[in-house]
$ cat model-v4.cif   # mmCIF, C-alpha atoms (C1' of nucleotides)
data_query
#
loop_
_atom_site.group_PDB
_atom_site.id
_atom_site.type_symbol
_atom_site.label_atom_id
_atom_site.label_comp_id
_atom_site.auth_asym_id
_atom_site.auth_seq_id
_atom_site.Cartn_x
_atom_site.Cartn_y
_atom_site.Cartn_z
ATOM 1 C CA MET F 19 25.888 6.533 -3.034
ATOM 2 C CA ARG F 20 28.393 3.989 -1.832
ATOM 3 C CA ASN F 21 29.408 1.030 -3.884
ATOM 4 C CA THR F 22 28.412 -2.049 -1.895
ATOM 5 C CA ARG F 23 27.794 -5.705 -2.653
ATOM 6 C CA LEU F 24 24.097 -4.908 -2.598
ATOM 7 C CA THR F 25 24.163 -2.005 -5.007
ATOM 8 C CA ARG F 26 26.237 -4.077 -7.396
ATOM 9 C CA LEU F 27 23.872 -7.021 -7.096
ATOM 10 C CA VAL F 28 20.753 -4.908 -7.663
ATOM 11 C CA GLU F 29 22.298 -3.297 -10.714
ATOM 12 C CA GLU F 30 23.252 -6.737 -12.011
ATOM 13 C CA ILE F 31 19.729 -8.082 -11.487
ATOM 14 C CA PHE F 32 18.139 -5.225 -13.404
ATOM 15 C CA ARG F 33 20.677 -5.362 -16.217
ATOM 16 C CA ALA F 34 20.381 -9.122 -16.596
ATOM 17 C CA ASP F 35 16.603 -8.975 -16.938
ATOM 18 C CA PRO F 36 15.249 -5.491 -17.559
ATOM 19 C CA LYS F 37 11.700 -6.135 -16.393
ATOM 20 C CA PRO F 38 9.805 -3.990 -13.903
ATOM 21 C CA LEU F 39 9.989 -5.489 -10.391
ATOM 22 C CA SER F 40 8.051 -4.831 -7.233
ATOM 23 C CA LEU F 41 9.946 -4.322 -3.983
ATOM 24 C CA GLY F 42 8.952 -7.811 -2.907
ATOM 25 C CA GLU F 43 10.141 -9.418 -6.115
ATOM 26 C CA LEU F 44 13.421 -7.558 -5.989
ATOM 27 C CA HIS F 45 13.856 -8.539 -2.354
ATOM 28 C CA GLU F 46 13.303 -12.196 -3.277
ATOM 29 C CA ARG F 47 15.870 -12.114 -6.039
ATOM 30 C CA VAL F 48 18.411 -10.341 -3.875
ATOM 31 C CA GLN F 49 17.958 -12.902 -1.111
ATOM 32 C CA LYS F 50 18.959 -15.702 -3.465
ATOM 33 C CA GLN F 51 22.465 -14.198 -3.462
ATOM 34 C CA LEU F 52 22.495 -12.394 -0.098
ATOM 35 C CA PRO F 53 19.987 -14.194 2.127
ATOM 36 C CA ALA F 54 20.437 -11.890 5.112
ATOM 37 C CA THR F 55 19.163 -8.845 3.226
ATOM 38 C CA ALA F 56 16.248 -7.111 4.940
ATOM 39 C CA TYR F 57 13.195 -5.837 3.098
ATOM 40 C CA SER F 58 13.733 -2.397 4.575
ATOM 41 C CA THR F 59 17.207 -2.318 3.089
ATOM 42 C CA ILE F 60 15.774 -2.953 -0.360
ATOM 43 C CA PHE F 61 13.189 -0.275 0.301
ATOM 44 C CA ARG F 62 15.814 2.323 1.170
ATOM 45 C CA LEU F 63 18.186 1.222 -1.558
ATOM 46 C CA VAL F 64 15.521 1.569 -4.236
ATOM 47 C CA ASP F 65 14.547 4.918 -2.764
ATOM 48 C CA ARG F 66 18.152 6.112 -3.058
ATOM 49 C CA PHE F 67 18.451 4.799 -6.601
ATOM 50 C CA GLU F 68 15.195 6.485 -7.515
ATOM 51 C CA ARG F 69 16.244 9.850 -6.106
ATOM 52 C CA ALA F 70 19.538 9.484 -7.943
ATOM 53 C CA GLY F 71 17.553 8.959 -11.138
ATOM 54 C CA ARG F 72 18.962 5.475 -11.692
ATOM 55 C CA ILE F 73 15.700 3.657 -11.063
ATOM 56 C CA THR F 74 12.247 4.672 -12.285
ATOM 57 C CA ARG F 75 8.993 3.946 -10.509
ATOM 58 C CA ILE F 76 6.020 2.831 -12.548
ATOM 59 C CA ASP F 77 2.472 2.098 -11.419
ATOM 60 C CA TRP F 78 0.551 -0.836 -12.746
ATOM 61 C CA ARG F 79 -3.159 -0.862 -12.283
ATOM 62 C CA GLU F 80 -3.623 -4.054 -10.322
ATOM 63 C CA ARG F 81 -0.041 -5.086 -9.861
ATOM 64 C CA GLY F 82 1.005 -2.167 -7.654
ATOM 65 C CA SER F 83 4.206 -0.131 -7.781
ATOM 66 C CA ARG F 84 7.117 -1.481 -9.718
ATOM 67 C CA PHE F 85 10.627 -0.332 -10.424
ATOM 68 C CA GLU F 86 12.745 -0.387 -13.517
ATOM 69 C CA TRP F 87 16.383 0.320 -14.279
ATOM 70 C CA ALA F 88 16.437 3.843 -15.651
ATOM 71 C CA GLU F 89 19.376 3.766 -18.036
ATOM 72 C CA ARG F 90 17.086 3.211 -20.938
ATOM 73 C CA HIS F 91 15.184 5.501 -23.239
ATOM 74 C CA HIS F 92 11.879 6.893 -21.967
ATOM 75 C CA HIS F 93 9.130 4.391 -22.699
ATOM 76 C CA HIS F 94 5.863 2.826 -21.582
ATOM 77 C CA HIS F 95 4.514 -0.702 -21.459
ATOM 78 C CA ILE F 96 1.815 -2.853 -22.912
ATOM 79 C CA VAL F 97 1.173 -6.070 -21.019
ATOM 80 C CA CYS F 98 -0.514 -9.132 -22.493
ATOM 81 C CA SER F 99 -3.302 -10.150 -20.146
ATOM 82 C CA ASP F 100 -3.071 -13.775 -21.335
ATOM 83 C CA CYS F 101 0.639 -14.610 -21.244
ATOM 84 C CA GLY F 102 2.082 -11.657 -19.318
ATOM 85 C CA GLN F 103 4.525 -10.696 -22.051
ATOM 86 C CA THR F 104 5.406 -7.004 -21.988
ATOM 87 C CA LEU F 105 6.459 -4.745 -24.823
ATOM 88 C CA ASP F 106 8.002 -1.296 -24.669
ATOM 89 C CA LEU F 107 6.287 1.628 -26.385
ATOM 90 C CA ASP F 108 7.676 5.089 -26.884
ATOM 91 C CA ASP F 109 5.725 8.326 -27.105
ATOM 92 C CA GLU F 110 5.762 8.222 -30.877
ATOM 93 C CA ASP F 111 4.133 4.797 -30.933
ATOM 94 C CA LEU F 112 1.388 6.280 -28.801
ATOM 95 C CA GLY F 113 0.988 9.497 -30.763
ATOM 96 C CA PHE F 114 1.772 11.301 -27.530
ATOM 97 C CA SER F 115 3.146 14.833 -27.499
ATOM 98 C CA GLU F 116 3.420 17.233 -24.559
ATOM 99 C CA ARG F 117 3.145 20.108 -26.985
ATOM 100 C CA ARG F 118 -0.258 18.867 -28.101
ATOM 101 C CA ILE F 119 -1.493 18.677 -24.520
ATOM 102 C CA GLN F 120 -0.101 22.092 -23.703
ATOM 103 C CA SER F 121 -1.836 23.736 -26.646
ATOM 104 C CA ARG F 122 -5.134 22.001 -25.876
ATOM 105 C CA THR F 123 -5.238 22.479 -22.113
ATOM 106 C CA GLY F 124 -2.727 25.148 -21.121
ATOM 107 C CA PHE F 125 -1.070 22.658 -18.757
ATOM 108 C CA ARG F 126 2.683 22.328 -18.887
ATOM 109 C CA VAL F 127 3.170 18.571 -18.607
ATOM 110 C CA LYS F 128 5.771 17.452 -16.080
ATOM 111 C CA HIS F 129 5.120 13.752 -15.990
ATOM 112 C CA HIS F 130 2.966 11.255 -17.800
ATOM 113 C CA SER F 131 2.156 7.667 -17.047
ATOM 114 C CA ILE F 132 0.685 5.431 -19.715
ATOM 115 C CA GLU F 133 0.065 1.746 -19.241
ATOM 116 C CA LEU F 134 -1.771 -0.517 -21.671
ATOM 117 C CA GLU F 135 -3.208 -3.967 -21.379
ATOM 118 C CA GLY F 136 -4.312 -6.172 -24.227
ATOM 119 C CA THR F 137 -3.762 -9.434 -26.056
ATOM 120 C CA CYS F 138 -0.468 -9.967 -27.887
ATOM 121 C CA ALA F 139 -0.324 -11.215 -31.457
ATOM 122 C CA ASP F 140 0.682 -14.744 -30.382
ATOM 123 C CA CYS F 141 -2.190 -15.154 -27.950
ATOM 124 C CA GLN F 142 -4.645 -13.815 -30.528
ATOM 125 C CA SER F 143 -3.593 -16.327 -33.168
ATOM 126 C CA GLU F 144 -3.794 -19.215 -30.707
ATOM 127 C CA ARG F 145 -7.527 -19.343 -31.215
ATOM 128 C CA MET B 26 -27.949 -4.312 -5.504
ATOM 129 C CA ARG B 27 -30.418 -3.065 -2.951
ATOM 130 C CA ASN B 28 -31.508 0.516 -2.803
ATOM 131 C CA THR B 29 -30.457 1.789 0.618
ATOM 132 C CA ARG B 30 -29.897 5.196 2.173
ATOM 133 C CA LEU B 31 -26.193 4.618 1.650
ATOM 134 C CA THR B 32 -26.326 3.748 -2.024
ATOM 135 C CA ARG B 33 -28.505 6.787 -2.651
ATOM 136 C CA LEU B 34 -26.129 9.017 -0.699
ATOM 137 C CA VAL B 35 -23.036 7.754 -2.483
ATOM 138 C CA GLU B 36 -24.671 8.268 -5.852
ATOM 139 C CA GLU B 37 -25.688 11.767 -4.809
ATOM 140 C CA ILE B 38 -22.150 12.622 -3.669
ATOM 141 C CA PHE B 39 -20.603 11.528 -6.947
ATOM 142 C CA ARG B 40 -23.222 13.272 -9.045
ATOM 143 C CA ALA B 41 -22.966 16.521 -7.111
ATOM 144 C CA ASP B 42 -19.201 16.716 -7.543
ATOM 145 C CA PRO B 43 -17.842 14.335 -10.169
ATOM 146 C CA LYS B 44 -14.264 14.230 -8.930
ATOM 147 C CA PRO B 45 -12.281 11.062 -8.268
ATOM 148 C CA LEU B 46 -12.376 10.149 -4.554
ATOM 149 C CA SER B 47 -10.342 7.768 -2.470
ATOM 150 C CA LEU B 48 -12.129 5.363 -0.153
ATOM 151 C CA GLY B 49 -11.116 7.504 2.796
ATOM 152 C CA GLU B 50 -12.428 10.703 1.225
ATOM 153 C CA LEU B 51 -15.695 9.062 0.274
ATOM 154 C CA HIS B 52 -16.001 7.652 3.779
ATOM 155 C CA GLU B 53 -15.499 11.126 5.238
ATOM 156 C CA ARG B 54 -18.162 12.659 3.039
ATOM 157 C CA VAL B 55 -20.610 9.889 3.763
ATOM 158 C CA GLN B 56 -20.080 10.289 7.491
ATOM 159 C CA LYS B 57 -21.184 13.901 7.315
ATOM 160 C CA GLN B 58 -24.658 12.606 6.516
ATOM 161 C CA LEU B 59 -24.563 9.150 8.106
ATOM 162 C CA PRO B 60 -21.994 9.329 10.909
ATOM 163 C CA ALA B 61 -22.326 5.675 11.924
ATOM 164 C CA THR B 62 -21.099 4.410 8.559
ATOM 165 C CA ALA B 63 -18.122 2.067 8.808
ATOM 166 C CA TYR B 64 -15.122 2.244 6.496
ATOM 167 C CA SER B 65 -15.575 -1.409 5.631
ATOM 168 C CA THR B 66 -19.106 -0.682 4.467
ATOM 169 C CA ILE B 67 -17.801 1.933 2.039
ATOM 170 C CA PHE B 68 -15.195 -0.540 0.914
ATOM 171 C CA ARG B 69 -17.767 -3.196 0.123
ATOM 172 C CA LEU B 70 -20.229 -0.750 -1.359
ATOM 173 C CA VAL B 71 -17.666 0.648 -3.780
ATOM 174 C CA ASP B 72 -16.630 -2.883 -4.635
ATOM 175 C CA ARG B 73 -20.236 -3.738 -5.492
ATOM 176 C CA PHE B 74 -20.650 -0.566 -7.545
ATOM 177 C CA GLU B 75 -17.431 -1.292 -9.368
ATOM 178 C CA ARG B 76 -18.405 -4.844 -10.228
ATOM 179 C CA ALA B 77 -21.752 -3.505 -11.404
ATOM 180 C CA GLY B 78 -19.873 -1.117 -13.698
ATOM 181 C CA ARG B 79 -21.311 1.960 -12.018
ATOM 182 C CA ILE B 80 -18.028 3.111 -10.488
ATOM 183 C CA THR B 81 -14.624 3.118 -12.156
ATOM 184 C CA ARG B 82 -11.334 2.696 -10.369
ATOM 185 C CA ILE B 83 -8.410 4.878 -11.392
ATOM 186 C CA ASP B 84 -4.825 4.821 -10.156
ATOM 187 C CA TRP B 85 -2.951 7.983 -9.443
ATOM 188 C CA ARG B 86 0.793 7.799 -9.125
ATOM 189 C CA GLU B 87 1.317 9.164 -5.638
ATOM 190 C CA ARG B 88 -2.257 9.645 -4.558
ATOM 191 C CA GLY B 89 -3.247 6.011 -4.585
ATOM 192 C CA SER B 90 -6.468 4.421 -5.850
ATOM 193 C CA ARG B 91 -9.452 6.599 -6.496
ATOM 194 C CA PHE B 92 -12.974 6.029 -7.686
ATOM 195 C CA GLU B 93 -15.180 7.884 -10.079
ATOM 196 C CA TRP B 94 -18.832 7.703 -11.044
ATOM 197 C CA ALA B 95 -18.894 5.737 -14.270
ATOM 198 C CA GLU B 96 -21.854 7.288 -16.070
ATOM 199 C CA ARG B 97 -19.621 9.593 -18.013
ATOM 200 C CA HIS B 98 -17.766 9.389 -21.308
ATOM 201 C CA HIS B 99 -14.420 7.609 -21.357
ATOM 202 C CA HIS B 100 -11.693 10.031 -20.318
ATOM 203 C CA HIS B 101 -8.384 10.565 -18.538
ATOM 204 C CA HIS B 102 -7.028 13.176 -16.165
ATOM 205 C CA ILE B 103 -4.327 15.764 -15.898
ATOM 206 C CA VAL B 104 -3.633 16.941 -12.363
ATOM 207 C CA CYS B 105 -1.935 20.216 -11.460
ATOM 208 C CA SER B 106 0.878 19.431 -9.065
ATOM 209 C CA ASP B 107 0.673 22.920 -7.552
ATOM 210 C CA CYS B 108 -3.038 23.478 -6.876
ATOM 211 C CA GLY B 109 -4.510 20.003 -7.365
ATOM 212 C CA GLN B 110 -6.969 21.100 -10.031
ATOM 213 C CA THR B 111 -7.892 18.278 -12.408
ATOM 214 C CA LEU B 112 -8.997 18.426 -16.015
ATOM 215 C CA ASP B 113 -10.552 15.700 -18.135
ATOM 216 C CA LEU B 114 -8.893 14.625 -21.360
ATOM 217 C CA ASP B 115 -10.295 12.316 -23.996
ATOM 218 C CA ASP B 116 -8.360 10.049 -26.316
ATOM 219 C CA GLU B 117 -8.462 12.592 -29.085
ATOM 220 C CA ASP B 118 -6.816 15.237 -26.899
ATOM 221 C CA LEU B 119 -4.055 12.734 -26.330
ATOM 222 C CA GLY B 120 -3.693 11.580 -29.918
ATOM 223 C CA PHE B 121 -4.442 8.109 -28.659
ATOM 224 C CA SER B 122 -5.826 5.421 -30.932
ATOM 225 C CA GLU B 123 -6.074 1.687 -30.292
ATOM 226 C CA ARG B 124 -5.860 1.141 -34.026
ATOM 227 C CA ARG B 125 -2.471 2.831 -34.116
ATOM 228 C CA ILE B 126 -1.159 0.617 -31.302
ATOM 229 C CA GLN B 127 -2.548 -2.504 -32.909
ATOM 230 C CA SER B 128 -0.877 -1.783 -36.239
ATOM 231 C CA ARG B 129 2.446 -0.955 -34.571
ATOM 232 C CA THR B 130 2.609 -3.793 -32.085
ATOM 233 C CA GLY B 131 0.109 -6.478 -33.042
ATOM 234 C CA PHE B 132 -1.502 -6.154 -29.597
ATOM 235 C CA ARG B 133 -5.255 -5.850 -29.418
ATOM 236 C CA VAL B 134 -5.727 -3.228 -26.710
ATOM 237 C CA LYS B 135 -8.284 -4.061 -24.024
ATOM 238 C CA HIS B 136 -7.606 -1.358 -21.527
ATOM 239 C CA HIS B 137 -5.472 1.746 -21.270
ATOM 240 C CA SER B 138 -4.635 3.973 -18.362
ATOM 241 C CA ILE B 139 -3.206 7.432 -18.938
ATOM 242 C CA GLU B 140 -2.553 9.894 -16.151
ATOM 243 C CA LEU B 141 -0.735 13.194 -16.543
ATOM 244 C CA GLU B 142 0.738 15.607 -14.069
ATOM 245 C CA GLY B 143 1.820 19.159 -14.769
ATOM 246 C CA THR B 144 1.280 22.807 -13.978
ATOM 247 C CA CYS B 145 -2.022 24.382 -14.935
ATOM 248 C CA ALA B 146 -2.235 27.695 -16.805
ATOM 249 C CA ASP B 147 -3.189 29.620 -13.648
ATOM 250 C CA CYS B 148 -0.279 28.341 -11.586
ATOM 251 C CA GLN B 149 2.137 29.019 -14.455
ATOM 252 C CA SER B 150 1.087 32.645 -14.746
ATOM 253 C CA GLU B 151 1.374 33.196 -10.997
ATOM 254 C CA ARG B 152 5.129 33.638 -11.339
ATOM 255 C "C1'" DC S 14 47.846 1.226 5.088
ATOM 256 C "C1'" DT S 15 45.066 2.706 9.051
ATOM 257 C "C1'" DC S 16 41.489 5.024 11.230
ATOM 258 C "C1'" DG S 17 37.457 7.861 11.848
ATOM 259 C "C1'" DT S 18 33.377 9.521 9.766
ATOM 260 C "C1'" DT S 19 29.182 8.575 8.070
ATOM 261 C "C1'" DG S 20 26.315 6.217 4.824
ATOM 262 C "C1'" DA S 21 24.417 1.497 4.624
ATOM 263 C "C1'" DT S 22 22.404 -2.361 6.864
ATOM 264 C "C1'" DG S 23 19.454 -5.712 9.925
ATOM 265 C "C1'" DC S 24 15.971 -6.039 13.074
ATOM 266 C "C1'" DA S 25 11.823 -5.009 15.014
ATOM 267 C "C1'" DA S 26 8.225 -2.050 15.687
ATOM 268 C "C1'" DG S 27 4.923 1.223 13.606
ATOM 269 C "C1'" DC S 28 1.647 2.759 10.278
ATOM 270 C "C1'" DA S 29 -2.057 3.276 6.841
ATOM 271 C "C1'" DA S 30 -4.994 1.360 3.703
ATOM 272 C "C1'" DC S 31 -7.289 -2.402 2.630
ATOM 273 C "C1'" DT S 32 -9.793 -6.921 3.652
ATOM 274 C "C1'" DT S 33 -12.432 -10.435 6.184
ATOM 275 C "C1'" DG S 34 -15.431 -12.864 9.765
ATOM 276 C "C1'" DC S 35 -19.355 -12.657 12.249
ATOM 277 C "C1'" DG S 36 -23.484 -11.385 14.450
ATOM 278 C "C1'" DT S 37 -27.228 -7.913 13.646
ATOM 279 C "C1'" DT S 38 -30.246 -4.943 10.799
ATOM 280 C "C1'" DA S 39 -33.287 -3.708 7.263
ATOM 281 C "C1'" DA S 40 -34.726 -4.190 1.898
ATOM 282 C "C1'" DC S 41 -37.977 -6.091 -0.667
ATOM 283 C "C1'" DG S 42 -40.612 -9.847 -2.844
ATOM 284 C "C1'" DG S 43 -44.158 -12.955 -1.795
ATOM 285 C "C1'" DC R 8 -46.800 -8.470 7.233
ATOM 286 C "C1'" DC R 9 -43.100 -11.901 7.253
ATOM 287 C "C1'" DG R 10 -39.049 -14.515 5.927
ATOM 288 C "C1'" DT R 11 -35.011 -14.496 3.277
ATOM 289 C "C1'" DT R 12 -30.857 -12.618 2.447
ATOM 290 C "C1'" DA R 13 -28.176 -8.577 1.014
ATOM 291 C "C1'" DA R 14 -26.196 -4.738 3.712
ATOM 292 C "C1'" DC R 15 -24.287 -3.145 7.601
ATOM 293 C "C1'" DG R 16 -21.220 -2.095 11.985
ATOM 294 C "C1'" DC R 17 -17.625 -3.620 14.607
ATOM 295 C "C1'" DA R 18 -13.335 -5.410 15.483
ATOM 296 C "C1'" DA R 19 -9.625 -8.086 14.187
ATOM 297 C "C1'" DG R 20 -6.350 -9.510 10.465
ATOM 298 C "C1'" DT R 21 -3.404 -8.772 6.485
ATOM 299 C "C1'" DT R 22 -0.253 -6.503 3.361
ATOM 300 C "C1'" DG R 23 3.034 -3.485 1.815
ATOM 301 C "C1'" DC R 24 5.294 0.316 3.080
ATOM 302 C "C1'" DT R 25 8.053 3.297 6.490
ATOM 303 C "C1'" DT R 26 10.886 4.570 10.544
ATOM 304 C "C1'" DG R 27 13.996 4.283 14.817
ATOM 305 C "C1'" DC R 28 17.958 2.622 16.452
ATOM 306 C "C1'" DA R 29 22.108 0.092 17.227
ATOM 307 C "C1'" DT R 30 25.809 -2.015 14.427
ATOM 308 C "C1'" DC R 31 28.661 -2.547 10.357
ATOM 309 C "C1'" DA R 32 31.603 -1.412 6.596
ATOM 310 C "C1'" DA R 33 32.909 2.109 2.523
ATOM 311 C "C1'" DC R 34 36.176 5.076 1.544
ATOM 312 C "C1'" DG R 35 38.903 9.290 1.848
ATOM 313 C "C1'" DA R 36 42.049 11.932 4.769
ATOM 314 C "C1'" DG R 37 46.228 11.473 6.853
#
$ encode --input "model-v4.cif" --output "structure tokens"
Amino acid sequence: MRNTRLTRLVEEIFRADPKPLSLGELHERVQKQLPATAYSTIFRLVDRFERAGRITRIDWRERGSRFEWAERHHHHHIVCSDCGQTLDLDDEDLGFSERRIQSRTGFRVKHHSIELEGTCADCQSER
Amino acid sequence: MRNTRLTRLVEEIFRADPKPLSLGELHERVQKQLPATAYSTIFRLVDRFERAGRITRIDWRERGSRFEWAERHHHHHIVCSDCGQTLDLDDEDLGFSERRIQSRTGFRVKHHSIELEGTCADCQSER
DNA sequence: CTCGTTGATGCAAGCAACTTGCGTTAACGG
DNA sequence: CCGTTAACGCAAGTTGCTTGCATCAACGAG
């Protein structure tokens, strides 16, 4: 992968605010700095990053596909349905273990996707 | 919801083979019995069933949105990436507990979505 | 430093799945 | 049996994703 203004900008955007972004949202943010950038360019750039393992794709129920900077530990998300705040969860928080699945089902797990939705502590106490 | 040939057929299809179906797949199956059925009719029918709580929507990473007959116990899926076979998993299989999440994060969990992908026992032993 | 190769980009068209508007059909309650 | 109104079929519209192609610019060899 070549080192261009765009790749640097995208990396900067994700590092500055490590939240999952859709292609559209990323495109918007990029255009604030480089207005001529085409959607298809973002599409292919993210695709390259993903295949290089530097960006991870996640799927949110209603909110569609989103992308996240991958240089972080493996984790999942819980989203507050009131205020939108997200929190990271790791497998231990979830009690998740591939070994457990393997012994119960015989499947060798390659990939797992876990997304939670709920009400955060703040929004609960607001009542 | 009115009781039409279509609603009866859709119910029958899901009961006969309780696998998650995409709108397109369901449309195909319906057309085998009622060839004149429009895609948009399936779309609206599933929407009505979903809002009535009789069909559940699930999201599969690559395979897009699918729908499942809801009169079953709460469960998740693991899909074999080689042969496509799916297996149901319940929260206990996964070690999942809303109580655990609540005590670790303060979030009150409303909804969780867990989808796994791996290689089933058969496909593993084929090598 | 310069130049040629080739990956990266912008534009526009294409695609697939989903969604909506509208006129017609058929459930079903009276 | 009839009128109301949910369901339906058709066709057009929308959205987000994907591709083809001509042009541009990284960057490594020379």
$ interface_residues --input "model-v4.cif" --of "chain B" --to "chain S" --cutoff "8 Å" --atoms "only C-alpha atoms (C1' of nucleotides)" --output "ChimeraX atom specification"
/B:27-29
$ interface_residues --input "model-v4.cif" --of "chain F" --to "chain R" --cutoff "12 Å" --atoms "all atoms listed in the file" --output "PyMOL selection string"
chain F and resi 19-23+40-42+57-62+65+82-83
$ closest_atom_pairs --input "model-v4.cif" --of "segment 103-137 of chain F" --to "segment 27-39 of chain F" --cutoff "12 Å" --atoms "only C-alpha atoms" --output "tab-separated table"
residue	atom	partner	partner_atom	distance
F:Gln103	CA	F:Lys37	CA	10.2
F:Thr104	CA	F:Lys37	CA	8.5
F:Leu105	CA	F:Lys37	CA	10.0
F:Asp106	CA	F:Lys37	CA	10.3
$ interface_residues --input "model-v4.cif" --of "chain F" --to "chain B" --cutoff "7 Å" --atoms "only C-alpha atoms" --output "NGL selection string"
:F and (77 or 79 or 111-114 or 119 or 124-139)
$ atom_distance --input "model-v4.cif" --atom1 "atom CA of Arg124 of chain B" --atom2 "atom CA of Glu110 of chain F"
14.0 Å
$ atom_distance --input "model-v4.cif" --atom1 "atom CA of Thr62 of chain B" --atom2 "atom CA of Thr32 of chain B"
11.8 Å
$ atom_distance --input "model-v4.cif" --atom1 "atom CA of His45 of chain F" --atom2 "atom CA of Arg69 of chain F"
18.9 Å
$ closest_residue --input "model-v4.cif" --among "B:Asp115, B:Arg54, B:Leu59, B:Ala95" --to "Phe74 of chain B" --atoms "only C-alpha atoms"
B:Ala95
$ axis_aligned_box --input "model-v4.cif" --around "segment 29-47 of chain B" --padding-each-side "3 Å" --output "AutoDock Vina command-line options"
--center_x -20.4 --center_y 9.3 --center_z -4.0 --size_x 26.1 --size_y 20.9 --size_z 18.3
$ build_atoms --input "model-v4.cif" --residues "segment 24-40 of chain F" --atoms "N, CA and C atoms" --output "short mmCIF file (atom, residue, chain, number, x, y, z; two decimals), in the frame of the given file"
data_model
loop_
_atom_site.label_atom_id
_atom_site.label_comp_id
_atom_site.auth_asym_id
_atom_site.auth_seq_id
_atom_site.Cartn_x
_atom_site.Cartn_y
_atom_site.Cartn_z
N LEU F 24 25.52 -4.99 -2.28
CA LEU F 24 24.10 -4.91 -2.60
C LEU F 24 23.83 -4.05 -3.83
N THR F 25 24.41 -2.87 -3.85
CA THR F 25 24.16 -2.00 -5.01
C THR F 25 24.62 -2.69 -6.29
N ARG F 26 25.76 -3.37 -6.20
CA ARG F 26 26.24 -4.08 -7.40
C ARG F 26 25.28 -5.17 -7.81
N LEU F 27 24.79 -5.92 -6.80
CA LEU F 27 23.87 -7.02 -7.10
C LEU F 27 22.57 -6.51 -7.72
N VAL F 28 22.01 -5.45 -7.14
CA VAL F 28 20.75 -4.91 -7.66
C VAL F 28 20.94 -4.44 -9.11
N GLU F 29 22.02 -3.75 -9.35
CA GLU F 29 22.30 -3.30 -10.71
C GLU F 29 22.40 -4.49 -11.66
N GLU F 30 23.08 -5.52 -11.21
CA GLU F 30 23.25 -6.74 -12.01
C GLU F 30 21.90 -7.38 -12.33
N ILE F 31 21.05 -7.46 -11.31
CA ILE F 31 19.73 -8.08 -11.49
C ILE F 31 18.93 -7.33 -12.55
N PHE F 32 18.91 -6.01 -12.44
CA PHE F 32 18.14 -5.22 -13.40
C PHE F 32 18.73 -5.30 -14.81
N ARG F 33 20.05 -5.31 -14.89
CA ARG F 33 20.68 -5.36 -16.22
C ARG F 33 20.46 -6.73 -16.87
N ALA F 34 20.51 -7.77 -16.05
CA ALA F 34 20.38 -9.12 -16.60
C ALA F 34 18.98 -9.35 -17.15
N ASP F 35 17.98 -8.75 -16.52
CA ASP F 35 16.60 -8.98 -16.94
C ASP F 35 15.81 -7.69 -16.72
N PRO F 36 15.77 -6.85 -17.74
CA PRO F 36 15.25 -5.49 -17.56
C PRO F 36 13.74 -5.42 -17.47
N LYS F 37 13.15 -6.20 -16.57
CA LYS F 37 11.70 -6.14 -16.39
C LYS F 37 11.37 -5.36 -15.12
N PRO F 38 10.21 -4.70 -15.11
CA PRO F 38 9.80 -3.99 -13.90
C PRO F 38 9.61 -4.97 -12.75
N LEU F 39 10.10 -4.63 -11.57
CA LEU F 39 9.99 -5.49 -10.39
C LEU F 39 9.35 -4.72 -9.24
N SER F 40 8.55 -5.41 -8.48
CA SER F 40 8.05 -4.83 -7.23
C SER F 40 9.14 -4.94 -6.18
#
